[in-house]
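Chemist: Hey, dropping protein07.csv in here, CSV, C-alpha atoms:
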chain,number,residue,atom,x,y,z
A,12,MET,CA,22.9,-12.5,-16.8
A,13,ALA,CA,19.5,-11.1,-17.6
A,14,ARG,CA,18.4,-8.6,-20.3
A,15,VAL,CA,16.3,-6.0,-18.5
A,16,LEU,CA,14.1,-3.4,-20.1
A,17,VAL,CA,14.1,-0.4,-17.8
A,18,THR,CA,11.6,2.4,-18.6
A,19,GLY,CA,12.3,5.8,-17.1
A,20,GLY,CA,15.8,4.6,-16.9
A,21,ALA,CA,17.4,8.1,-17.1
A,22,GLY,CA,15.3,9.3,-14.1
A,23,PHE,CA,16.1,9.4,-10.4
A,24,ILE,CA,15.2,5.8,-9.4
A,25,GLY,CA,15.7,4.3,-12.9
A,26,SER,CA,19.3,5.5,-13.3
A,27,HIS,CA,20.2,4.2,-9.8
A,28,CYS,CA,18.7,0.8,-10.7
A,29,ILE,CA,20.6,0.7,-13.9
A,30,ASP,CA,23.8,1.4,-12.0
A,31,SER,CA,23.2,-1.7,-9.9
A,32,LEU,CA,22.1,-3.9,-12.9
A,33,LEU,CA,25.2,-3.0,-14.9
A,34,ALA,CA,27.4,-3.5,-11.9
A,35,ARG,CA,26.3,-7.1,-11.6
A,36,ARG,CA,26.7,-7.5,-15.4
A,37,ASP,CA,23.0,-7.6,-16.5
A,38,SER,CA,22.3,-6.2,-19.9
A,39,VAL,CA,20.0,-3.1,-19.9
A,40,ILE,CA,17.7,-1.6,-22.4
A,41,CYS,CA,16.9,1.9,-21.1
A,42,VAL,CA,13.8,3.6,-22.4
A,43,ASP,CA,13.2,7.3,-21.6
A,44,ASN,CA,11.5,10.1,-23.5
A,45,PHE,CA,13.4,12.9,-21.8
A,46,ASN,CA,10.3,15.0,-21.4
A,47,ASP,CA,10.3,18.5,-20.1
A,48,TYR,CA,8.7,17.8,-16.7
A,49,TYR,CA,12.2,18.9,-15.5
A,50,ASP,CA,15.4,19.8,-17.3
A,51,PRO,CA,16.3,16.9,-19.6
A,52,LYS,CA,19.9,17.8,-19.2
A,53,LYS,CA,19.7,16.4,-15.6
A,54,LYS,CA,18.6,13.1,-17.0
A,55,ARG,CA,21.5,13.1,-19.5
A,56,LEU,CA,23.9,13.6,-16.6
A,57,ASN,CA,22.3,10.7,-14.7
A,58,ILE,CA,23.3,8.2,-17.5
A,59,LYS,CA,26.5,9.7,-18.8
A,60,ASP,CA,28.7,7.1,-17.1
A,61,TYR,CA,27.3,4.1,-19.0
A,62,VAL,CA,26.1,5.3,-22.4
A,63,LYS,CA,29.2,3.7,-23.9
A,64,SER,CA,28.8,0.4,-22.0
A,65,ASN,CA,28.5,-2.7,-24.2
A,66,ASN,CA,25.7,-3.9,-21.9
A,67,TYR,CA,23.7,-0.8,-22.3
A,68,SER,CA,21.3,0.4,-25.0
A,69,LEU,CA,19.3,3.7,-24.9
A,70,VAL,CA,16.0,4.1,-26.7
A,71,VAL,CA,14.5,7.6,-26.7
A,72,SER,CA,10.8,7.0,-26.9
A,73,ASP,CA,7.5,7.3,-25.1
A,74,VAL,CA,6.2,4.2,-23.3
A,75,ALA,CA,2.6,5.1,-24.4
A,76,ASP,CA,3.6,4.7,-28.1
A,77,TYR,CA,2.6,1.1,-28.8
A,78,LYS,CA,4.3,0.9,-32.2
A,79,SER,CA,7.6,2.1,-30.8
A,80,MET,CA,7.4,-0.1,-27.7
A,81,ARG,CA,6.6,-3.1,-29.8
A,82,SER,CA,9.7,-2.6,-31.9
A,83,VAL,CA,11.8,-2.3,-28.7
A,84,PHE,CA,10.5,-5.7,-27.6
A,85,GLU,CA,11.0,-7.2,-31.0
A,86,LYS,CA,14.6,-5.9,-31.5
A,87,HIS,CA,16.0,-6.2,-28.0
A,88,LYS,CA,14.2,-9.3,-26.7
A,89,PRO,CA,14.2,-8.5,-23.0
A,90,ASP,CA,13.9,-11.2,-20.3
A,91,LYS,CA,12.3,-8.9,-17.8
A,92,VAL,CA,10.6,-5.5,-17.5
A,93,LEU,CA,11.3,-2.9,-14.8
A,94,HIS,CA,8.8,-0.2,-15.6
A,95,LEU,CA,9.6,3.0,-13.7
A,96,ALA,CA,8.6,5.6,-16.3
A,97,ALA,CA,5.7,7.8,-15.2
A,98,ARG,CA,4.4,11.3,-15.1
A,99,ALA,CA,5.2,12.1,-11.5
A,100,GLY,CA,3.9,14.7,-9.0
A,101,VAL,CA,0.7,14.8,-6.9
A,102,ARG,CA,0.0,18.6,-7.2
A,103,ALA,CA,1.1,18.8,-10.8
A,104,SER,CA,-1.4,16.1,-11.7
A,105,LEU,CA,-4.3,18.5,-10.9
A,106,LYS,CA,-3.2,20.8,-13.8
A,107,ASP,CA,-3.1,18.2,-16.5
A,108,PRO,CA,-4.8,14.9,-15.4
A,109,LEU,CA,-5.3,13.8,-19.0
A,110,GLU,CA,-1.5,13.7,-19.5
A,111,TYR,CA,-1.2,11.6,-16.4
A,112,VAL,CA,-3.7,9.1,-17.7
A,113,ARG,CA,-2.0,9.0,-21.1
A,114,SER,CA,1.5,8.6,-19.7
A,115,ASN,CA,0.8,6.4,-16.6
A,116,VAL,CA,-2.2,4.3,-17.5
A,117,ASN,CA,-1.8,4.0,-21.3
A,118,GLY,CA,1.9,3.6,-20.9
A,119,THR,CA,1.6,0.8,-18.4
A,120,ALA,CA,-1.1,-0.9,-20.5
A,121,THR,CA,1.1,-0.6,-23.6
A,122,LEU,CA,4.1,-2.3,-21.8
A,123,LEU,CA,1.9,-5.0,-20.3
A,124,GLU,CA,0.4,-5.8,-23.7
A,125,CYS,CA,3.9,-5.9,-25.3
A,126,ALA,CA,5.1,-8.2,-22.5
A,127,ARG,CA,2.2,-10.5,-23.1
A,128,GLU,CA,2.6,-10.5,-26.8
A,129,PHE,CA,6.4,-11.3,-26.7
A,130,ASP,CA,6.1,-13.7,-23.7
A,131,VAL,CA,8.2,-11.6,-21.3
A,132,ARG,CA,6.6,-13.0,-18.2
A,133,ASP,CA,8.5,-11.2,-15.4
A,134,PHE,CA,7.2,-7.6,-15.0
A,135,VAL,CA,7.9,-5.2,-12.1
A,136,PHE,CA,6.5,-1.7,-12.0
A,137,ALA,CA,6.5,1.4,-9.8
A,138,SER,CA,3.2,2.2,-8.1
A,139,SER,CA,3.2,4.7,-5.2
A,140,SER,CA,2.4,5.1,-1.6
A,141,SER,CA,0.0,7.8,-2.7
A,142,VAL,CA,-2.6,5.1,-3.5
A,143,TYR,CA,-3.3,4.9,0.2
A,144,GLY,CA,-4.9,8.3,0.1
A,145,ALA,CA,-5.8,9.8,3.4
A,146,ASN,CA,-6.1,6.4,5.2
A,147,LYS,CA,-6.2,7.0,8.9
A,148,LYS,CA,-4.9,3.6,9.9
A,149,VAL,CA,-1.1,3.5,10.1
A,150,PRO,CA,1.2,2.0,9.2
A,151,PHE,CA,-0.1,1.4,5.7
A,152,SER,CA,-0.3,-2.3,4.7
A,153,GLU,CA,-0.6,-3.8,1.3
A,154,ASP,CA,-4.0,-5.3,2.4
A,155,ASP,CA,-5.5,-1.9,3.3
A,156,PRO,CA,-8.3,-0.5,1.2
A,157,VAL,CA,-7.0,1.8,-1.6
A,158,GLU,CA,-10.2,2.9,-3.2
A,159,GLU,CA,-10.1,6.6,-2.4
A,160,PRO,CA,-6.9,8.2,-3.9
A,161,VAL,CA,-6.9,12.0,-3.4
A,162,SER,CA,-5.1,13.1,-6.6
A,163,PRO,CA,-5.2,12.2,-10.3
A,164,TYR,CA,-1.6,11.0,-10.0
A,165,ALA,CA,-2.6,8.6,-7.2
A,166,ALA,CA,-5.6,7.4,-9.2
A,167,THR,CA,-3.5,6.6,-12.2
A,168,LYS,CA,-1.2,4.5,-10.1
A,169,ARG,CA,-4.1,2.6,-8.6
A,170,MET,CA,-5.5,2.0,-12.2
A,171,CYS,CA,-2.1,0.6,-13.1
A,172,GLU,CA,-2.3,-1.9,-10.3
A,173,VAL,CA,-5.7,-3.0,-11.4
A,174,LEU,CA,-4.6,-3.4,-15.0
A,175,ALA,CA,-1.5,-5.4,-13.9
A,176,SER,CA,-3.7,-7.7,-11.8
A,177,ASN,CA,-5.7,-8.5,-14.9
A,178,TYR,CA,-2.6,-9.2,-16.9
A,179,SER,CA,-1.4,-11.6,-14.3
A,180,ARG,CA,-4.4,-13.7,-15.2
A,181,MET,CA,-3.0,-13.9,-18.7
A,182,GLY,CA,0.2,-15.5,-17.6
A,183,LEU,CA,2.5,-12.6,-16.6
A,184,ARG,CA,4.2,-12.7,-13.2
A,185,ILE,CA,3.9,-9.2,-11.9
A,186,ALA,CA,4.8,-7.1,-8.8
A,187,ALA,CA,3.8,-3.6,-8.0
A,188,LEU,CA,6.1,-1.5,-5.8
A,189,ARG,CA,4.6,1.2,-3.6
A,190,PHE,CA,7.5,3.5,-3.0
A,191,PHE,CA,7.5,5.8,0.0
A,192,THR,CA,9.0,9.3,-0.3
A,193,VAL,CA,12.3,8.3,-2.0
A,194,TYR,CA,15.2,10.7,-1.7
A,195,GLY,CA,18.9,10.9,-2.3
A,196,PRO,CA,21.5,11.8,-4.9
A,197,ARG,CA,19.9,12.6,-8.4
A,198,ASN,CA,16.6,13.6,-6.7
A,199,ARG,CA,14.2,15.2,-9.1
A,200,PRO,CA,14.2,19.0,-8.6
A,201,ASP,CA,10.4,19.1,-8.0
A,202,MET,CA,10.7,16.9,-4.9
A,203,ALA,CA,10.6,18.4,-1.4
A,204,ILE,CA,14.1,17.7,-0.2
A,205,TYR,CA,15.6,19.2,-3.4
A,206,LYS,CA,13.4,22.2,-3.3
A,207,PHE,CA,14.1,22.8,0.4
A,208,ALA,CA,17.9,22.5,-0.2
A,209,LYS,CA,17.7,24.9,-3.1
A,210,SER,CA,15.7,27.5,-1.1
A,211,ILE,CA,18.1,27.3,1.9
A,212,VAL,CA,21.2,27.7,-0.3
A,213,SER,CA,19.7,30.6,-2.2
A,214,GLY,CA,18.3,32.3,0.9
A,215,GLU,CA,14.7,32.0,-0.3
A,216,GLU,CA,11.7,31.3,1.8
A,217,LEU,CA,10.4,27.7,1.8
A,218,THR,CA,7.0,26.4,2.8
A,219,VAL,CA,6.3,23.7,5.4
A,220,TYR,CA,2.8,22.5,5.7
A,221,GLY,CA,1.1,22.1,9.1
A,222,LYS,CA,1.2,24.1,12.3
A,223,CYS,CA,3.8,22.0,14.2
A,224,ASP,CA,5.3,18.7,13.4
A,225,GLU,CA,2.1,16.8,12.5
A,226,VAL,CA,2.9,16.4,8.7
A,227,LYS,CA,5.2,13.4,8.4
A,228,ARG,CA,6.8,11.4,5.6
A,229,ASP,CA,8.4,8.0,5.5
A,230,TRP,CA,11.6,9.2,3.9
A,231,THR,CA,13.3,6.3,2.2
A,232,PHE,CA,16.9,6.5,0.9
A,233,ILE,CA,17.5,5.6,-2.8
A,234,GLU,CA,20.1,2.9,-2.0
A,235,ASP,CA,17.5,1.0,0.0
A,236,ILE,CA,14.9,1.4,-2.7
A,237,VAL,CA,17.2,0.0,-5.3
A,238,GLN,CA,18.1,-3.0,-3.2
A,239,GLY,CA,14.4,-3.7,-2.6
A,240,THR,CA,13.5,-3.2,-6.2
A,241,LEU,CA,16.1,-5.6,-7.5
A,242,ALA,CA,15.1,-8.1,-4.8
A,243,VAL,CA,11.6,-8.1,-6.2
A,244,LEU,CA,12.9,-8.2,-9.8
A,245,ASP,CA,15.0,-11.2,-9.0
A,246,ASN,CA,12.1,-13.1,-7.4
A,247,VAL,CA,9.0,-12.0,-9.3
A,248,HIS,CA,9.0,-15.4,-11.0
A,249,ARG,CA,7.8,-16.8,-7.7
A,250,PHE,CA,4.6,-14.7,-7.8
A,251,SER,CA,1.5,-14.3,-9.9
A,252,PHE,CA,0.6,-10.8,-8.7
A,253,GLU,CA,1.9,-9.1,-5.6
A,254,VAL,CA,2.1,-5.6,-4.2
A,255,PHE,CA,5.0,-4.6,-2.0
A,256,ASN,CA,5.6,-1.5,0.2
A,257,LEU,CA,9.1,-0.1,0.0
A,258,GLY,CA,9.6,2.4,2.8
A,259,ASN,CA,11.7,3.2,5.8
A,260,CYS,CA,9.0,2.3,8.4
A,261,LYS,CA,9.9,5.5,10.4
A,262,PRO,CA,7.9,8.6,9.5
A,263,GLU,CA,9.6,11.8,10.4
A,264,PRO,CA,8.2,15.4,10.5
A,265,VAL,CA,8.9,17.5,7.4
A,266,ILE,CA,10.2,20.2,9.7
A,267,TYR,CA,12.8,17.7,11.0
A,268,LEU,CA,14.0,17.2,7.5
A,269,VAL,CA,14.5,20.9,7.1
A,270,LYS,CA,16.5,21.0,10.3
A,271,LEU,CA,18.8,18.2,9.0
A,272,LEU,CA,19.3,20.2,5.8
A,273,GLU,CA,20.2,23.3,7.8
A,274,LYS,CA,22.8,21.3,9.7
A,275,ASN,CA,24.4,19.7,6.7
A,276,LEU,CA,24.3,22.8,4.5
A,277,LYS,CA,25.4,24.9,7.4
A,278,MET,CA,22.8,27.6,6.5
A,279,SER,CA,19.5,28.6,8.1
A,280,ALA,CA,16.1,28.2,6.4
A,281,LYS,CA,13.5,30.9,6.1
A,282,VAL,CA,10.4,28.8,6.9
A,283,ARG,CA,6.8,29.9,6.1
A,284,ARG,CA,3.9,27.8,7.5
A,285,ALA,CA,0.8,27.0,5.4
A,286,PRO,CA,-2.2,24.7,5.7
A,287,LEU,CA,-1.8,21.2,4.1
A,288,PRO,CA,-3.3,21.2,0.6
A,289,ALA,CA,-6.3,19.0,0.0
A,290,VAL,CA,-4.4,16.7,-2.4
A,291,ASP,CA,-1.7,16.0,0.2
A,292,VAL,CA,-1.9,13.6,3.2
A,293,PRO,CA,-0.7,14.3,6.7
A,294,ILE,CA,1.4,11.1,7.0
A,295,THR,CA,2.9,8.3,5.0
A,296,TYR,CA,4.0,5.3,6.9
A,297,ALA,CA,5.0,1.9,5.4
A,298,ASP,CA,4.5,-1.5,6.9
A,299,THR,CA,7.2,-3.5,5.1
A,300,SER,CA,6.7,-6.8,7.0
A,301,LYS,CA,5.7,-8.5,3.7
A,302,MET,CA,9.0,-7.5,2.1
A,303,GLU,CA,10.9,-8.7,5.2
A,304,ARG,CA,9.0,-12.0,5.3
A,305,LEU,CA,9.1,-12.9,1.6
A,306,LEU,CA,12.3,-11.3,0.4
A,307,ARG,CA,14.3,-10.5,3.6
A,308,TRP,CA,14.5,-6.9,2.7
A,309,ARG,CA,14.1,-3.8,4.9
A,310,ALA,CA,15.4,-0.3,4.7
A,311,ARG,CA,18.6,0.4,6.7
A,312,THR,CA,19.6,4.0,6.1
A,313,PRO,CA,18.6,6.4,8.9
A,314,LEU,CA,17.3,9.8,7.7
A,315,GLU,CA,20.2,11.6,9.3
A,316,GLU,CA,22.7,9.6,7.2
A,317,GLY,CA,20.7,9.8,4.1
A,318,VAL,CA,20.3,13.6,4.3
A,319,GLU,CA,24.1,14.0,4.9
A,320,ARG,CA,24.7,12.0,1.7
A,321,PHE,CA,22.1,13.9,-0.2
A,322,CYS,CA,23.6,17.2,0.8
A,323,LYS,CA,27.1,16.2,-0.2
A,324,TRP,CA,25.8,15.3,-3.7
A,325,TYR,CA,23.7,18.5,-3.9
A,326,LEU,CA,26.7,20.7,-3.0
A,327,SER,CA,28.8,18.9,-5.5
A,328,GLN,CA,26.5,19.9,-8.3
A,329,GLY,CA,27.6,23.6,-8.0
With the file now loaded, output its structure as structure tokens.
Modeler:
Amino acid sequence: MARVLVTGGAGFIGSHCIDSLLARRDSVICVDNFNDYYDPKKKRLNIKDYVKSNNYSLVVSDVADYKSMRSVFEKHKPDKVLHLAARAGVRASLKDPLEYVRSNVNGTATLLECAREFDVRDFVFASSSSVYGANKKVPFSEDDPVEEPVSPYAATKRMCEVLASNYSRMGLRIAALRFFTVYGPRNRPDMAIYKFAKSIVSGEELTVYGKCDEVKRDWTFIEDIVQGTLAVLDNVHRFSFEVFNLGNCKPEPVIYLVKLLEKNLKMSAKVRRAPLPAVDVPITYADTSKMERLLRWRARTPLEEGVERFCKWYLSQG
């Protein structure tokens, strides 16, 4: 049984990871600052089922606060770090890039330094498929060049990878996870699938970028992401520094996602077309052969099944 420090643990991916960690009887220290990027009440709902668990501790704090994070490491003595906290959102990062640097880069540096200081050698953190930028070669492989991110958010994630690589030379065993368009129950309300569902149910217009079906995403169901994340967490001691893609390996047009939502919500969408913004990319497409080879993981949930499960959850929220 491990003691795992999970940052961003009240968020979408973090709360699902904690579900699985507690289910297998690991101890969890959840750190979340409950910021106002979206309604903090939604995060409170994500963690309501285990706030009273004897294997669960909640720390309300900011990962970029070195003094606070140092006290967390000193008090709770984690064995491993699963760092999922971040300021998310590609387009939102254009409005406040300094906050993205503070939260993402400074926050990651703070945790890496605390891990080094307290000899917590196993460190897994969330990067993003956005680091690939507008790479024309698909599918995206971990060995592809990632020197031209097209948004401040993507740039901060790439900075975190570079920092982590440096800390691996100081004795930490680190893995960076490049997530590809994660969706499912508890989705953040700023993400496409949630926004589309909300627009369809409310009868409002939604925007799909591109003229036809050329804009595609590698939609990856949350259950697959959690399984992949924990597979890396359980095996990070085998590595010095590694980067892993976690995706579905099957990009689907955004407009196809809308059609699946219409089918499962039993309502029609009012679709408006618009040009793809400069900070967006036309396709995301993961090559996960490295995960399959080293950790025997691959995503298994078809988009059709995942959207059905998302819609059941969405409608259950009232």
Chemist: Under the rule that all atoms listed in the file are counted, which of A:Val157, A:Ala175, A:Val70, A:Leu93 is the nearest residue to Asn44 of chain A?
Modeler: A:Val70
Chemist: Kindly provide, as a ChimeraX atom specification, the polymer residues lying within 7 Å of (3.9, -0.6, 6.2), counting all atoms listed in the file and using the coordinates exactly as they appear in the file.
Modeler: /A:150-152,256,260,296-300
Chemist: Have a look at A:Arg102, A:Lys148, A:Arg81, A:Arg199 and name the one nearest to Lys54 of chain A; count only C-alpha atoms.
Modeler: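 Closest to Lys54 of chain A, using only C-alpha atoms: A:Arg199.
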Chemist: Rounded to one decimal place, report the atom CA of Val83 of chain A-atom CA of Asp43 of chain A distance in Å.
Modeler: 12.0 Å
Chemist: Which residues of segment 211-295 of chain A come within 9 Å of segment 126-145 of chain A, and for each one, what is the closest pair of atoms and their distance in Å to one decimal, counting only C-alpha atoms, sorted by chain and residue number, as a Markdown table?
Modeler:
| residue | atom | partner | partner_atom | distance |
| --- | --- | --- | --- | --- |
| A:Thr240 | CA | A:Val135 | CA | 8.4 |
| A:Val243 | CA | A:Val135 | CA | 7.5 |
| A:Leu244 | CA | A:Val135 | CA | 6.3 |
| A:Asn246 | CA | A:Asp133 | CA | 9.0 |
| A:Val247 | CA | A:Asp133 | CA | 6.2 |
| A:His248 | CA | A:Asp133 | CA | 6.1 |
| A:Val254 | CA | A:Ser138 | CA | 8.8 |
| A:Asn256 | CA | A:Ser140 | CA | 7.6 |
| A:Leu257 | CA | A:Ser140 | CA | 8.6 |
| A:Gly258 | CA | A:Ser140 | CA | 8.9 |
| A:Val290 | CA | A:Gly144 | CA | 8.8 |
| A:Asp291 | CA | A:Ala145 | CA | 8.1 |
| A:Val292 | CA | A:Ala145 | CA | 5.4 |
| A:Pro293 | CA | A:Ala145 | CA | 7.6 |
| A:Ile294 | CA | A:Ala145 | CA | 8.2 |
| A:Thr295 | CA | A:Ser140 | CA | 7.4 |
Chemist: Measure the distance from atom CA of Asn177 of chain A to atom CA of Phe191 of chain A in Å and round it to one decimal.
Modeler: 24.5 Å
Chemist: How far is it from atom CA of Ile204 of chain A to atom CA of Ala103 of chain A, in Å with one decimal?
Modeler: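 Separation between atom CA of Ile204 of chain A and atom CA of Ala103 of chain A: 16.8 Å.
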Chemist: Can I get C-alpha atoms for segment 280-328 of chain A, as a PDB file, in the first residue's frame?
Modeler:
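And here's decode-v4.pdb as it stands now:
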ATOM      1  CA  ALA A 280     -27.901  20.433 -32.333  1.00  0.00           C
ATOM      2  CA  LYS A 281     -27.909  23.912 -33.816  1.00  0.00           C
ATOM      3  CA  VAL A 282     -24.491  23.947 -35.437  1.00  0.00           C
ATOM      4  CA  ARG A 283     -22.589  27.017 -36.577  1.00  0.00           C
ATOM      5  CA  ARG A 284     -19.385  26.622 -38.564  1.00  0.00           C
ATOM      6  CA  ALA A 285     -16.321  28.810 -38.024  1.00  0.00           C
ATOM      7  CA  PRO A 286     -12.648  28.866 -39.073  1.00  0.00           C
ATOM      8  CA  LEU A 287     -10.218  27.030 -36.801  1.00  0.00           C
ATOM      9  CA  PRO A 288      -8.583  29.495 -34.366  1.00  0.00           C
ATOM     10  CA  ALA A 289      -4.844  29.999 -34.714  1.00  0.00           C
ATOM     11  CA  VAL A 290      -4.146  28.450 -31.294  1.00  0.00           C
ATOM     12  CA  ASP A 291      -6.011  25.253 -32.186  1.00  0.00           C
ATOM     13  CA  VAL A 292      -4.663  22.373 -34.258  1.00  0.00           C
ATOM     14  CA  PRO A 293      -6.532  20.456 -36.985  1.00  0.00           C
ATOM     15  CA  ILE A 294      -5.845  16.994 -35.570  1.00  0.00           C
ATOM     16  CA  THR A 295      -4.598  15.174 -32.497  1.00  0.00           C
ATOM     17  CA  TYR A 296      -3.593  11.568 -32.969  1.00  0.00           C
ATOM     18  CA  ALA A 297      -1.644   9.505 -30.447  1.00  0.00           C
ATOM     19  CA  ASP A 298       0.865   6.798 -31.200  1.00  0.00           C
ATOM     20  CA  THR A 299       0.693   4.709 -28.005  1.00  0.00           C
ATOM     21  CA  SER A 300       2.990   1.901 -29.107  1.00  0.00           C
ATOM     22  CA  LYS A 301       5.460   2.853 -26.364  1.00  0.00           C
ATOM     23  CA  MET A 302       2.810   2.378 -23.659  1.00  0.00           C
ATOM     24  CA  GLU A 303       1.787  -0.912 -25.246  1.00  0.00           C
ATOM     25  CA  ARG A 304       5.375  -2.137 -25.475  1.00  0.00           C
ATOM     26  CA  LEU A 305       6.598  -1.116 -22.017  1.00  0.00           C
ATOM     27  CA  LEU A 306       3.424  -1.279 -19.912  1.00  0.00           C
ATOM     28  CA  ARG A 307       0.985  -3.373 -21.969  1.00  0.00           C
ATOM     29  CA  TRP A 308      -1.587  -0.588 -21.939  1.00  0.00           C
ATOM     30  CA  ARG A 309      -3.858   0.648 -24.678  1.00  0.00           C
ATOM     31  CA  ALA A 310      -7.185   2.447 -24.661  1.00  0.00           C
ATOM     32  CA  ARG A 311     -10.150   0.139 -25.163  1.00  0.00           C
ATOM     33  CA  THR A 312     -13.274   2.308 -25.017  1.00  0.00           C
ATOM     34  CA  PRO A 313     -14.822   3.170 -28.406  1.00  0.00           C
ATOM     35  CA  LEU A 314     -16.037   6.736 -28.758  1.00  0.00           C
ATOM     36  CA  GLU A 315     -19.612   5.524 -29.220  1.00  0.00           C
ATOM     37  CA  GLU A 316     -19.576   3.744 -25.853  1.00  0.00           C
ATOM     38  CA  GLY A 317     -17.789   6.575 -24.088  1.00  0.00           C
ATOM     39  CA  VAL A 318     -20.227   9.222 -25.305  1.00  0.00           C
ATOM     40  CA  GLU A 319     -23.170   7.075 -24.198  1.00  0.00           C
ATOM     41  CA  ARG A 320     -21.685   6.840 -20.710  1.00  0.00           C
ATOM     42  CA  PHE A 321     -20.895  10.545 -20.637  1.00  0.00           C
ATOM     43  CA  CYS A 322     -24.470  11.434 -21.624  1.00  0.00           C
ATOM     44  CA  LYS A 323     -25.966   9.212 -18.915  1.00  0.00           C
ATOM     45  CA  TRP A 324     -23.821  11.031 -16.365  1.00  0.00           C
ATOM     46  CA  TYR A 325     -24.575  14.452 -17.826  1.00  0.00           C
ATOM     47  CA  LEU A 326     -28.338  13.893 -17.744  1.00  0.00           C
ATOM     48  CA  SER A 327     -28.110  12.575 -14.182  1.00  0.00           C
ATOM     49  CA  GLN A 328     -26.726  15.947 -13.058  1.00  0.00           C
TER      50      GLN A 328
END
